[in-house]
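Q: Here it is, the structure, as structure tokens.
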Amino acid sequence: MNSTTQFFFTRRSLEAVRLVTSLAYSLFLPTYLATLLLSCVSSFATAKPTPPGQSSLKIAVDFDGGSAHIVAIDQHRRLVRIRPQILNQRGWRCWWFFKLSGIVPGESITLEVGDAPWATPDRATFSLDGKTWLQTDLGKRQGQRIVFQQSIPSKTAWFAWGPPFTQTDAEELVQWATEECSEAKKFVLCKSQRGRDVPALHFTPSGDNALPRVGIWINARQHAWEVGSSWVCKGLIEWFVSNDPRAIQVRQVADMTVVPIMDVDSVAIGAGGKNQLPHDHNRDWGTANLYQSVSAAMQHIQQLDDQRLLKIYIDLHNPGAHCQSPFFYVAPHHILSDIGQRNLNRFLATAASELSGPLKFRGECHESGPNYDRNWRRISKNWVTLNTREDVVAVTLETPWNTIHSNLDGYRLIGSQLGRAIARYLRAMQALTP
């Protein structure tokens, strides 16, 4: 039977089924059953098989960080329609990450994503090997949805809200740094609630040095969806282990810990993490902690402060969809001493000098005090400010995720610039040699 004949019989068969269904509707079946049957037949009649010469597009999310709700796959139009998966009580619905197979190399894939604004970046991220991440072309907005079109030269590709950074990536990063730099040692900060390792990196000052040690603590990804913060953290670590003379100077005095992912459990299942119930990691800094990573970080930070070493605490985040430049959240001025305010101002000035673009810090700062959140005392940088010596600088760096520079190169550059800002600040505080 040729394709024309087959189509003819299929069409005649569908017409016959429609007729029988219509009779059933009027004579025999209850209304709701007949309506359901007629709807199913209509859907079958309008469904289009995969065109000849093309394989079926298929989505998979069964891997670390994978997550997406599949709304539809139109094989004829080579269109995939998704939205973030609903994960009850696990925070904002914004993250999505899936593997697409069945692509004809060279064809254009259309990706439609719903749930603006958090789930719909102006540019999505894709990869041909699951490791190297690129931005798509600018998407086209349609109400609460955005549509991306991307030519893919391979049979398989990965698509994501932003460039994924998983627990495995964190483990590989701290392992690499340990091999590259004698002052750096990987360790496990703690086990998460679900028994996952929380990878971390510790720098110990090297050699004999007349200058006193300086305590620094940096953590990222208290909100799992804010993946750019982990890439900023990667750029920071890469700079610290480099041969830049300023990095070498910092390593000579720095007792420094860096944690690339705080909420490894939410990252693993592709949850948003922000505002998860009863609260997220960045509202857990106080008594009776829910999260082991926060509890462990607090203990380490307190030890550094008890030894009179702690000088800098930095929490790495990503902000809202409309932000185009990096900015800092700072502790409310009423809890800062004169020394604390002076040191904060000096740090922000060095950041303005070093975070020079293309994602440029333009001096924008916001206080996160009582008018910002009723649990403001349990926000990490505020807890640090309230519970350590008055000269400690504690800030949150927000790096924008919805710009053309919000990619691997842009994030890592911000990280290296932040490292240089830390070096400049320590030099201004006479913690480094001139």
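Within each chain, counting starts at residue 1; across the structure tokens, chains are named A, B, ... in the order shown, with ligands numbered 1 upward in that order.
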Counting only C-alpha atoms, what is within 8 Å of Arg389 (chain A), bar same-chain residues fewer than 3 positions away, as an mmCIF file with N, CA and C atoms, in the first residue's frame?
A:
data_model
loop_
_atom_site.group_PDB
_atom_site.id
_atom_site.type_symbol
_atom_site.label_atom_id
_atom_site.label_comp_id
_atom_site.auth_asym_id
_atom_site.auth_seq_id
_atom_site.Cartn_x
_atom_site.Cartn_y
_atom_site.Cartn_z
ATOM 1 N N ASP A 305 36.733 34.114 63.465
ATOM 2 C CA ASP A 305 36.567 35.364 64.205
ATOM 3 C C ASP A 305 37.119 35.240 65.620
ATOM 4 N N ARG A 308 40.524 36.037 65.743
ATOM 5 C CA ARG A 308 40.744 37.421 65.307
ATOM 6 C C ARG A 308 41.357 37.471 63.900
ATOM 7 N N THR A 385 27.772 40.139 60.193
ATOM 8 C CA THR A 385 27.980 41.490 60.728
ATOM 9 C C THR A 385 27.618 41.565 62.207
ATOM 10 N N VAL A 392 34.961 43.588 60.372
ATOM 11 C CA VAL A 392 34.727 42.615 59.292
ATOM 12 C C VAL A 392 33.811 43.213 58.230
#
Q: Set the distance at 10 Å and use only C-alpha atoms: which residues neighbour Arg424 (chain A) once local chain neighbours fewer than 3 positions away are removed? I'd like the list as a list in words.
A: Arg246, Val250, Arg346, Phe347, Ala349, Thr350, Ala351, Ser353, Glu354, Leu418, Gly419, Arg420, Ala421, Arg427, Ala428, Met429, Gln430, Ala431, Leu432 and Pro434 of chain A
Q: Show me, as an MDAnalysis selection string, the residues that have an atom within 10 Å of region 190-193 of chain A when counting only C-alpha atoms, minus same-chain residues fewer than 6 positions from it.
A: chainID A and resid 199:200 262:265 290:297
Q: Let's see if you can do this: from backbone DSSP, list all helix (DSSP H, G or I) residues in region 127-322 of chain A, as an MDAnalysis selection string.
A: chainID A and resid 167:180 228:240 245:253 264:269 281:283 292:306
Q: Give me, please, the distance in Å between CA of Gly369 (chain A) and CA of Pro332 (chain A), quoted to one decimal.
A: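 We find that CA of Gly369 (chain A) and CA of Pro332 (chain A) lie 5.1 Å from each other.
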